[in-house]
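S.K.: Mind having a look at this structure? Questions to follow.
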Amino acid sequence: MPADLLTHVLRQADRILVLSHRLAEWLTHAPELEEDMALANISLDLLGQARHLYTYAGELEGLGHDEDYFAYFRDAADFRNPLIVEQPNGDFAVTMVRQVLHDHAALLYWESMCSSTDQTLAALAARAVNETRFHLRHSTGWLIRLGDGTDESHRRAQAGLDTMWPFAGELLGADDEDDLRAAGLIGPRFDGGWRAAVGATVVEATLTMPPEPPTRSGGLEGDHSEHLAPMLEVMQDLARAHPGATW
Amino acid sequence: MSQAQFDALIDADERIEPDDWMPDDYRKTLVRQIAQHAHSEIIGMQPEGEWIARAPSLHRKAILTAKVQDEAGHGMYLYGAAESLGVDRAELLDRLHNKTQKYSSIFNYATPEWADVGAIGWLVDGAAIANQVPLCRCSYGPYGRAMVRICKEESFHQRQGYQIMLTLSEGTPEQKAMAQRALDRWWWPSIMMFGPPDTESPNTARSMAWGIKRYTNDELRQQFVAATVPQVELLGLTVPDPDLVWNEERGQYDFSEPDWAEFATMVKGEGEIPNLRISTRRNAHTEGEWVREAAVAYAEKQQQRERVA
């Protein structure tokens, strides 16, 4: 069955919220204070994007659900994020590799969404493009420094790429959204542009692209790895302990 | 510049700048105070940082993330102000990590419930503001200017803390009870944030003469209680001090003596929570070493490439 716009919006919102949450887990653990600040800042931008998308999802759904309903009162199987964002942070290199893979895709996605026939999403995209450019500058800057830094950082950056690469495919979007593309609600696929952009960063970072194409998928359909449920348990625990309360 | 010129600037209530001559003790006092302040900002990120993952709404999650981010920023300005006195950040961090410099003992208390996030913003940041507003006029220029910026952000932090407490107090009975428990936990530690009584604060007089400090500990404590009691009443909560009473004659509140023995224990920084705070910091620093080294190595390679090009 082809996906509707609500499913598409939730896939984006869930991707962005879960990634925001993972980045916030770095706070007070970052390699230097500047990174505590930068990661908090990126996490916060993403959280802002996710909140707009959830609010819009509530309008599309028409059941009176607000942003907190989608974030706090759905189970892991209802989440539609790509598997890559729910993976544990690993070391700083693993996190930066994930950001690079994600941010290149996010930039192409938001750029394509600026001309969506859906006015709400097009308006959101216009703002998100600028934020994502900054995020991409941060992540590629770090991956290049790590890849082309010391022997240890090179080794860790390559290991990070090898760890995250199998999950990267879902960042390119779902296969059941062609009707939305045909209607101009979402932009064309950007697989080629993404491979070229990621390839260029990987080369500049003196790393080696893994030979096999990405293999892991399922998140966009709600089939998650073992890492999402424990994350949501922490995130949702307090909200669920006081149903109906305001905070 | 000389002692006489320094004294003249202090007497005229003007600012001392990094290149000016200053007495060694003045410099040492400032380094110690600014470093402790910077350490407090970055250690203070921990108890609240833990709650970002568990914040009960996306709105609260966003505000709390922004607050913790601000605290990292405050740490950076303050380390910068300390560096203008001839020490470097790495050295100060080492002293935090090996416990030869302290951070505010307020962060050695536990934060078991969401309401603690509210109480920290409202009371702890409130007490910090009361301490820090006068520091905007500190005789040492870079510190005073850093404090102007920090105080602006702190007052936003305090408002968000009070907002959390207000929402909880007006919420379900469970939420209101949670708010009262947090007030019970944080009242006395906040009162003690102003430091020991004036009679037992040996450095106060000198710091006041140098224009580093503008009010005594007890004066600030009194101001804080006066400002906070009406806020507690507005929340419909109860201050955990049966002897708190308005003294018409003095035009001030009378209140019980805090438990200074507990304060002394907390300041020592021993026990489970202080050990956790320091080990979290130390681990972040140690585990981040290869990242910082990579950044330096890359920058050196780039410089070499530019020279060759």
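Going by the structure tokens order, chains are called A, B, ..., each with residues numbered from 1, while ligands are numbered from 1 in the order shown.
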Would you mind listing what lies within 8 Å of stretch 133-145 of chain B as a ChimeraX atom specification, with only C-alpha atoms counted and same-chain residues fewer than 6 positions away left out?

M.R.: /B:10,13-18,34,78,81-82,84,151,210-215

S.K.: Could you take the residues named above and write them with N, CA, C and O atoms, as a PDB file, in the first residue's frame?

M.R.:
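As a result, again01.pdb now contains:
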ATOM      1  N   ILE B  10      40.862  51.285  42.262  1.00  0.00           N
ATOM      2  CA  ILE B  10      39.900  50.624  43.144  1.00  0.00           C
ATOM      3  C   ILE B  10      39.078  51.682  43.890  1.00  0.00           C
ATOM      4  O   ILE B  10      37.851  51.579  43.972  1.00  0.00           O
ATOM      5  N   ASP B  13      36.468  53.207  42.002  1.00  0.00           N
ATOM      6  CA  ASP B  13      35.502  52.224  41.540  1.00  0.00           C
ATOM      7  C   ASP B  13      35.632  52.002  40.024  1.00  0.00           C
ATOM      8  O   ASP B  13      34.657  51.796  39.322  1.00  0.00           O
ATOM      9  N   GLU B  14      36.853  52.064  39.535  1.00  0.00           N
ATOM     10  CA  GLU B  14      37.073  51.809  38.115  1.00  0.00           C
ATOM     11  C   GLU B  14      37.595  50.395  37.914  1.00  0.00           C
ATOM     12  O   GLU B  14      37.940  49.709  38.858  1.00  0.00           O
ATOM     13  N   ARG B  15      37.669  50.011  36.646  1.00  0.00           N
ATOM     14  CA  ARG B  15      38.001  48.620  36.333  1.00  0.00           C
ATOM     15  C   ARG B  15      39.495  48.367  36.194  1.00  0.00           C
ATOM     16  O   ARG B  15      40.209  49.176  35.604  1.00  0.00           O
ATOM     17  N   ILE B  16      39.913  47.208  36.706  1.00  0.00           N
ATOM     18  CA  ILE B  16      41.272  46.728  36.473  1.00  0.00           C
ATOM     19  C   ILE B  16      41.219  45.848  35.226  1.00  0.00           C
ATOM     20  O   ILE B  16      40.324  45.008  35.106  1.00  0.00           O
ATOM     21  N   GLU B  17      42.146  46.064  34.298  1.00  0.00           N
ATOM     22  CA  GLU B  17      42.158  45.267  33.068  1.00  0.00           C
ATOM     23  C   GLU B  17      43.367  44.320  33.050  1.00  0.00           C
ATOM     24  O   GLU B  17      44.317  44.519  33.810  1.00  0.00           O
ATOM     25  N   PRO B  18      43.333  43.292  32.187  1.00  0.00           N
ATOM     26  CA  PRO B  18      44.362  42.240  32.236  1.00  0.00           C
ATOM     27  C   PRO B  18      45.800  42.749  32.217  1.00  0.00           C
ATOM     28  O   PRO B  18      46.657  42.178  32.891  1.00  0.00           O
ATOM     29  N   ILE B  34      37.091  32.792  39.963  1.00  0.00           N
ATOM     30  CA  ILE B  34      36.562  32.631  38.607  1.00  0.00           C
ATOM     31  C   ILE B  34      36.620  31.158  38.194  1.00  0.00           C
ATOM     32  O   ILE B  34      35.689  30.636  37.580  1.00  0.00           O
ATOM     33  N   LEU B  78      33.836  32.099  31.315  1.00  0.00           N
ATOM     34  CA  LEU B  78      34.530  32.242  32.590  1.00  0.00           C
ATOM     35  C   LEU B  78      35.951  31.704  32.509  1.00  0.00           C
ATOM     36  O   LEU B  78      36.875  32.329  33.046  1.00  0.00           O
ATOM     37  N   ALA B  81      37.809  34.404  30.987  1.00  0.00           N
ATOM     38  CA  ALA B  81      38.147  35.488  31.922  1.00  0.00           C
ATOM     39  C   ALA B  81      39.325  35.075  32.804  1.00  0.00           C
ATOM     40  O   ALA B  81      40.231  35.877  33.071  1.00  0.00           O
ATOM     41  N   ALA B  82      39.331  33.805  33.225  1.00  0.00           N
ATOM     42  CA  ALA B  82      40.447  33.329  34.060  1.00  0.00           C
ATOM     43  C   ALA B  82      41.742  33.326  33.253  1.00  0.00           C
ATOM     44  O   ALA B  82      42.811  33.679  33.768  1.00  0.00           O
ATOM     45  N   SER B  84      42.635  35.343  31.074  1.00  0.00           N
ATOM     46  CA  SER B  84      43.185  36.695  30.955  1.00  0.00           C
ATOM     47  C   SER B  84      44.070  37.028  32.154  1.00  0.00           C
ATOM     48  O   SER B  84      44.772  38.031  32.164  1.00  0.00           O
ATOM     49  N   CYS B 151      24.410  36.834  33.729  1.00  0.00           N
ATOM     50  CA  CYS B 151      23.231  37.156  34.553  1.00  0.00           C
ATOM     51  C   CYS B 151      21.962  37.260  33.708  1.00  0.00           C
ATOM     52  O   CYS B 151      20.888  36.876  34.150  1.00  0.00           O
ATOM     53  N   TRP B 210      38.610  45.104  47.906  1.00  0.00           N
ATOM     54  CA  TRP B 210      39.127  45.076  46.538  1.00  0.00           C
ATOM     55  C   TRP B 210      38.043  45.263  45.470  1.00  0.00           C
ATOM     56  O   TRP B 210      38.317  45.209  44.277  1.00  0.00           O
ATOM     57  N   GLY B 211      36.815  45.387  45.914  1.00  0.00           N
ATOM     58  CA  GLY B 211      35.747  45.560  44.936  1.00  0.00           C
ATOM     59  C   GLY B 211      35.431  44.291  44.165  1.00  0.00           C
ATOM     60  O   GLY B 211      34.839  44.336  43.087  1.00  0.00           O
ATOM     61  N   ILE B 212      35.866  43.143  44.689  1.00  0.00           N
ATOM     62  CA  ILE B 212      35.497  41.873  44.036  1.00  0.00           C
ATOM     63  C   ILE B 212      34.116  41.480  44.535  1.00  0.00           C
ATOM     64  O   ILE B 212      33.262  41.042  43.777  1.00  0.00           O
ATOM     65  N   LYS B 213      33.897  41.666  45.806  1.00  0.00           N
ATOM     66  CA  LYS B 213      32.617  41.345  46.417  1.00  0.00           C
ATOM     67  C   LYS B 213      31.936  42.650  46.829  1.00  0.00           C
ATOM     68  O   LYS B 213      32.613  43.602  47.200  1.00  0.00           O
ATOM     69  N   ARG B 214      30.613  42.720  46.738  1.00  0.00           N
ATOM     70  CA  ARG B 214      29.919  43.979  47.046  1.00  0.00           C
ATOM     71  C   ARG B 214      29.003  43.891  48.263  1.00  0.00           C
ATOM     72  O   ARG B 214      28.623  44.899  48.834  1.00  0.00           O
ATOM     73  N   TYR B 215      28.560  42.684  48.597  1.00  0.00           N
ATOM     74  CA  TYR B 215      27.716  42.495  49.788  1.00  0.00           C
ATOM     75  C   TYR B 215      28.255  41.300  50.566  1.00  0.00           C
ATOM     76  O   TYR B 215      28.872  40.413  49.988  1.00  0.00           O
TER      77      TYR B 215
END

S.K.: Using only C-alpha atoms and a cut-off of 8 Å, which residues of chain B sit close to chain A? Please list them as a PyMOL selection string.

M.R.: chain B and resi 42+45-46+49+52-58+60+62+65-66+68-70+72-73+75-76+164+167-168+171-172+280-281+283-285+287-298

S.K.: Skipping near chain neighbours, those fewer than 2 positions away, what residues fall within 12 Å of B:Pro23 using only C-alpha atoms, listed as a PyMOL selection string?

M.R.: chain B and resi 1-7+10+16+20-21+25-30+85+210

S.K.: Using only C-alpha atoms, determine which residues lie at most 8 Å from B:Trp186, disregarding the query and same-chain residues fewer than 2 positions distant; provide the list as a ChimeraX atom specification.

M.R.: /B:116,119-120,123-124,182-184,188-190

S.K.: Atom CA of B:Met178 and atom CA of B:Ile106, how far apart in Å?

M.R.: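 We find that atom CA of B:Ile106 and atom CA of B:Met178 lie 19.8 Å from each other.
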
S.K.: Atom CA of B:Ala227 and atom CA of B:Lys152, how far apart in Å?

M.R.: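 Result for atom CA of B:Lys152 versus atom CA of B:Ala227: 17.9 Å, one decimal.
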
S.K.: So which one's closest to B:Ser169, B:Asn131, B:Asn217, B:Gln231, B:Asn203? Using only C-alpha atoms, please.

M.R.: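 Among the listed residues, B:Gln231 lies closest to B:Ser169.
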
S.K.: Can you pull out every residue within 7 Å of A:Ala57, counting only C-alpha atoms, but drop anything in the same chain fewer than 5 positions away, and send it as JSON, numbers by chain?

M.R.: {"A": [6, 9, 10]}

S.K.: May I ask for the distance between atom CA of A:Val97 and atom CA of A:His8, given in Å to one decimal place?

M.R.: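 Calculated distance between atom CA of A:Val97 and atom CA of A:His8 is 24.8 Å.
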
S.K.: So that I can check the surroundings of B:Trp122, please list as a PyMOL selection string every protein, DNA and RNA residue that reaches within 9 Å of it, counting only C-alpha atoms and ignoring chain neighbours fewer than 2 positions away.

M.R.: chain B and resi 117-120+124-127+157-165

S.K.: Based on the selection just made, write N, CA, C and O atoms of those residues as a PDB file, in the first residue's frame.

M.R.:
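For reference, result.pdb as written:
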ATOM      1  N   VAL B 117      14.424  19.683  38.799  1.00  0.00           N
ATOM      2  CA  VAL B 117      14.869  20.556  37.709  1.00  0.00           C
ATOM      3  C   VAL B 117      14.252  21.941  37.892  1.00  0.00           C
ATOM      4  O   VAL B 117      14.912  22.964  37.717  1.00  0.00           O
ATOM      5  N   GLY B 118      12.973  21.961  38.272  1.00  0.00           N
ATOM      6  CA  GLY B 118      12.308  23.230  38.534  1.00  0.00           C
ATOM      7  C   GLY B 118      12.936  23.945  39.721  1.00  0.00           C
ATOM      8  O   GLY B 118      13.226  25.146  39.664  1.00  0.00           O
ATOM      9  N   ALA B 119      13.162  23.191  40.793  1.00  0.00           N
ATOM     10  CA  ALA B 119      13.708  23.807  42.008  1.00  0.00           C
ATOM     11  C   ALA B 119      15.121  24.324  41.774  1.00  0.00           C
ATOM     12  O   ALA B 119      15.499  25.383  42.290  1.00  0.00           O
ATOM     13  N   ILE B 120      15.906  23.618  40.974  1.00  0.00           N
ATOM     14  CA  ILE B 120      17.266  24.094  40.688  1.00  0.00           C
ATOM     15  C   ILE B 120      17.195  25.424  39.932  1.00  0.00           C
ATOM     16  O   ILE B 120      17.883  26.384  40.273  1.00  0.00           O
ATOM     17  N   VAL B 124      18.242  27.542  42.990  1.00  0.00           N
ATOM     18  CA  VAL B 124      19.699  27.544  42.846  1.00  0.00           C
ATOM     19  C   VAL B 124      20.137  28.664  41.892  1.00  0.00           C
ATOM     20  O   VAL B 124      21.040  29.432  42.193  1.00  0.00           O
ATOM     21  N   ASP B 125      19.461  28.760  40.748  1.00  0.00           N
ATOM     22  CA  ASP B 125      19.818  29.852  39.846  1.00  0.00           C
ATOM     23  C   ASP B 125      19.412  31.194  40.452  1.00  0.00           C
ATOM     24  O   ASP B 125      20.083  32.199  40.239  1.00  0.00           O
ATOM     25  N   GLY B 126      18.340  31.195  41.229  1.00  0.00           N
ATOM     26  CA  GLY B 126      17.930  32.422  41.916  1.00  0.00           C
ATOM     27  C   GLY B 126      19.004  32.880  42.894  1.00  0.00           C
ATOM     28  O   GLY B 126      19.375  34.058  42.930  1.00  0.00           O
ATOM     29  N   ALA B 127      19.519  31.924  43.679  1.00  0.00           N
ATOM     30  CA  ALA B 127      20.589  32.264  44.621  1.00  0.00           C
ATOM     31  C   ALA B 127      21.847  32.675  43.856  1.00  0.00           C
ATOM     32  O   ALA B 127      22.549  33.616  44.239  1.00  0.00           O
ATOM     33  N   HIS B 157      16.849  31.389  33.053  1.00  0.00           N
ATOM     34  CA  HIS B 157      16.857  30.060  33.691  1.00  0.00           C
ATOM     35  C   HIS B 157      15.973  30.038  34.923  1.00  0.00           C
ATOM     36  O   HIS B 157      15.270  29.083  35.200  1.00  0.00           O
ATOM     37  N   GLN B 158      16.060  31.133  35.672  1.00  0.00           N
ATOM     38  CA  GLN B 158      15.273  31.157  36.905  1.00  0.00           C
ATOM     39  C   GLN B 158      13.781  31.171  36.571  1.00  0.00           C
ATOM     40  O   GLN B 158      12.990  30.479  37.205  1.00  0.00           O
ATOM     41  N   ARG B 159      13.413  31.952  35.567  1.00  0.00           N
ATOM     42  CA  ARG B 159      11.994  32.003  35.184  1.00  0.00           C
ATOM     43  C   ARG B 159      11.489  30.639  34.730  1.00  0.00           C
ATOM     44  O   ARG B 159      10.404  30.228  35.094  1.00  0.00           O
ATOM     45  N   GLN B 160      12.321  29.914  33.939  1.00  0.00           N
ATOM     46  CA  GLN B 160      11.844  28.607  33.479  1.00  0.00           C
ATOM     47  C   GLN B 160      11.716  27.646  34.666  1.00  0.00           C
ATOM     48  O   GLN B 160      10.819  26.819  34.705  1.00  0.00           O
ATOM     49  N   GLY B 161      12.592  27.785  35.660  1.00  0.00           N
ATOM     50  CA  GLY B 161      12.505  26.928  36.837  1.00  0.00           C
ATOM     51  C   GLY B 161      11.227  27.200  37.608  1.00  0.00           C
ATOM     52  O   GLY B 161      10.504  26.274  38.001  1.00  0.00           O
ATOM     53  N   TYR B 162      10.956  28.485  37.784  1.00  0.00           N
ATOM     54  CA  TYR B 162       9.740  28.854  38.520  1.00  0.00           C
ATOM     55  C   TYR B 162       8.506  28.399  37.744  1.00  0.00           C
ATOM     56  O   TYR B 162       7.521  27.921  38.325  1.00  0.00           O
ATOM     57  N   GLN B 163       8.565  28.525  36.430  1.00  0.00           N
ATOM     58  CA  GLN B 163       7.460  28.094  35.580  1.00  0.00           C
ATOM     59  C   GLN B 163       7.176  26.592  35.759  1.00  0.00           C
ATOM     60  O   GLN B 163       6.024  26.175  35.817  1.00  0.00           O
ATOM     61  N   ILE B 164       8.228  25.810  35.857  1.00  0.00           N
ATOM     62  CA  ILE B 164       8.056  24.365  36.099  1.00  0.00           C
ATOM     63  C   ILE B 164       7.349  24.163  37.439  1.00  0.00           C
ATOM     64  O   ILE B 164       6.383  23.400  37.548  1.00  0.00           O
ATOM     65  N   MET B 165       7.797  24.862  38.465  1.00  0.00           N
ATOM     66  CA  MET B 165       7.217  24.709  39.804  1.00  0.00           C
ATOM     67  C   MET B 165       5.748  25.154  39.811  1.00  0.00           C
ATOM     68  O   MET B 165       4.896  24.533  40.446  1.00  0.00           O
TER      69      MET B 165
END

S.K.: To test your reading of the structure, identify every residue in stretch 36-275 of chain B that backbone DSSP assigns to helix (DSSP H, G or I), and report it as number ranges by chain.

M.R.: B: 36-52, 58-83, 89-97, 105-108, 114-137, 141-169, 173-192, 198-200, 204-209, 217-235, 260-268, 272-275

S.K.: Identify which of the residues B:Asp88, B:Glu174, B:Asp243, B:Glu71 lies closest to B:Ala115, counting only C-alpha atoms when measuring atom-to-atom distances.

M.R.: B:Glu174

S.K.: Would you mind listing what lies within 9 Å of B:Ser256 as a ChimeraX atom specification, with only C-alpha atoms counted and same-chain residues fewer than 6 positions away left out?

M.R.: /B:241-244

S.K.: Can I get the selected residues back with all heavy atoms, as a JSON list (two decimals), in the first residue's frame?

M.R.:
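Output file selection_20.json is given in full below:
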[["chain", "number", "residue", "atom", "x", "y", "z"],
["B", 241, "ASP", "N", 10.77, 25.47, 57.05],
["B", 241, "ASP", "CA", 11.41, 26.10, 58.20],
["B", 241, "ASP", "C", 10.31, 26.63, 59.11],
["B", 241, "ASP", "O", 9.74, 27.70, 58.85],
["B", 241, "ASP", "CB", 12.32, 27.24, 57.73],
["B", 241, "ASP", "CG", 12.99, 27.95, 58.90],
["B", 241, "ASP", "OD1", 12.76, 27.55, 60.08],
["B", 241, "ASP", "OD2", 13.73, 28.92, 58.65],
["B", 242, "PRO", "N", 10.00, 25.91, 60.20],
["B", 242, "PRO", "CA", 8.89, 26.33, 61.07],
["B", 242, "PRO", "C", 9.15, 27.68, 61.74],
["B", 242, "PRO", "O", 8.23, 28.36, 62.16],
["B", 242, "PRO", "CB", 8.81, 25.21, 62.11],
["B", 242, "PRO", "CG", 10.12, 24.49, 62.04],
["B", 242, "PRO", "CD", 10.65, 24.68, 60.66],
["B", 243, "ASP", "N", 10.42, 28.10, 61.78],
["B", 243, "ASP", "CA", 10.74, 29.36, 62.47],
["B", 243, "ASP", "C", 10.79, 30.56, 61.54],
["B", 243, "ASP", "O", 11.15, 31.66, 61.96],
["B", 243, "ASP", "CB", 12.10, 29.23, 63.19],
["B", 243, "ASP", "CG", 12.05, 28.18, 64.28],
["B", 243, "ASP", "OD1", 10.95, 28.00, 64.86],
["B", 243, "ASP", "OD2", 13.07, 27.52, 64.53],
["B", 244, "LEU", "N", 10.45, 30.33, 60.29],
["B", 244, "LEU", "CA", 10.46, 31.46, 59.36],
["B", 244, "LEU", "C", 9.30, 32.39, 59.70],
["B", 244, "LEU", "O", 8.15, 31.98, 59.72],
["B", 244, "LEU", "CB", 10.29, 30.94, 57.92],
["B", 244, "LEU", "CG", 10.26, 32.04, 56.86],
["B", 244, "LEU", "CD1", 11.68, 32.31, 56.36],
["B", 244, "LEU", "CD2", 9.37, 31.66, 55.70]]

S.K.: Taking only C-alpha atoms into account, produce a table as JSON lines in which each residue of stretch 45-107 of chain A with an atom at most 10 Å from an atom of stretch 197-218 of chain A appears once, together with its shortest atom pair and the distance in Å to one decimal, ordered by chain and rising number.

M.R.:
{"residue": "A:Arg80", "atom": "CA", "partner": "A:Gly218", "partner_atom": "CA", "distance": 8.7}
{"residue": "A:Asn81", "atom": "CA", "partner": "A:Gly218", "partner_atom": "CA", "distance": 9.1}
{"residue": "A:Pro82", "atom": "CA", "partner": "A:Ser217", "partner_atom": "CA", "distance": 7.3}
{"residue": "A:Leu83", "atom": "CA", "partner": "A:Ser217", "partner_atom": "CA", "distance": 6.7}
{"residue": "A:Ile84", "atom": "CA", "partner": "A:Arg216", "partner_atom": "CA", "distance": 8.9}
{"residue": "A:Val97", "atom": "CA", "partner": "A:Val202", "partner_atom": "CA", "distance": 9.5}
{"residue": "A:Val100", "atom": "CA", "partner": "A:Val198", "partner_atom": "CA", "distance": 7.4}
{"residue": "A:Leu101", "atom": "CA", "partner": "A:Val198", "partner_atom": "CA", "distance": 6.6}
{"residue": "A:His102", "atom": "CA", "partner": "A:Val198", "partner_atom": "CA", "distance": 9.7}
{"residue": "A:Asp103", "atom": "CA", "partner": "A:Val198", "partner_atom": "CA", "distance": 9.6}
{"residue": "A:His104", "atom": "CA", "partner": "A:Ala197", "partner_atom": "CA", "distance": 6.8}
{"residue": "A:Ala105", "atom": "CA", "partner": "A:Val198", "partner_atom": "CA", "distance": 8.9}

S.K.: What does the file look like for those residues with N, CA and C atoms, as a tab-separated table (two decimals), in the first residue's frame?

M.R.:
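As a result, again02.tsv now contains:
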chain	number	residue	atom	x	y	z
A	80	ARG	N	8.63	5.43	13.03
A	80	ARG	CA	8.95	5.19	11.62
A	80	ARG	C	10.31	5.76	11.24
A	81	ASN	N	11.20	5.90	12.22
A	81	ASN	CA	12.52	6.46	11.93
A	81	ASN	C	13.42	5.41	11.28
A	82	PRO	N	14.39	5.86	10.47
A	82	PRO	CA	15.38	4.92	9.95
A	82	PRO	C	16.22	4.36	11.10
A	83	LEU	N	16.68	3.13	10.92
A	83	LEU	CA	17.41	2.45	12.00
A	83	LEU	C	18.67	3.20	12.41
A	84	ILE	N	19.27	3.92	11.49
A	84	ILE	CA	20.59	4.51	11.79
A	84	ILE	C	20.52	5.47	12.97
A	97	VAL	N	30.33	10.18	12.02
A	97	VAL	CA	30.03	9.49	10.76
A	97	VAL	C	28.51	9.48	10.54
A	100	VAL	N	27.39	12.83	9.39
A	100	VAL	CA	27.75	13.13	8.00
A	100	VAL	C	26.76	12.43	7.05
A	101	LEU	N	26.54	11.14	7.28
A	101	LEU	CA	25.63	10.38	6.40
A	101	LEU	C	24.24	11.01	6.46
A	102	HIS	N	23.82	11.35	7.67
A	102	HIS	CA	22.49	11.93	7.86
A	102	HIS	C	22.40	13.34	7.27
A	103	ASP	N	23.38	14.18	7.59
A	103	ASP	CA	23.26	15.59	7.22
A	103	ASP	C	23.30	15.79	5.70
A	104	HIS	N	24.12	15.00	5.00
A	104	HIS	CA	24.11	15.09	3.53
A	104	HIS	C	22.71	14.76	3.01
A	105	ALA	N	22.11	13.69	3.56
A	105	ALA	CA	20.76	13.30	3.10
A	105	ALA	C	19.74	14.35	3.50

S.K.: Between A:Ala182, A:Ala174, A:Ile16, A:Val85, single out the one closest to A:Ala128, counting only C-alpha atoms.

M.R.: A:Ile16
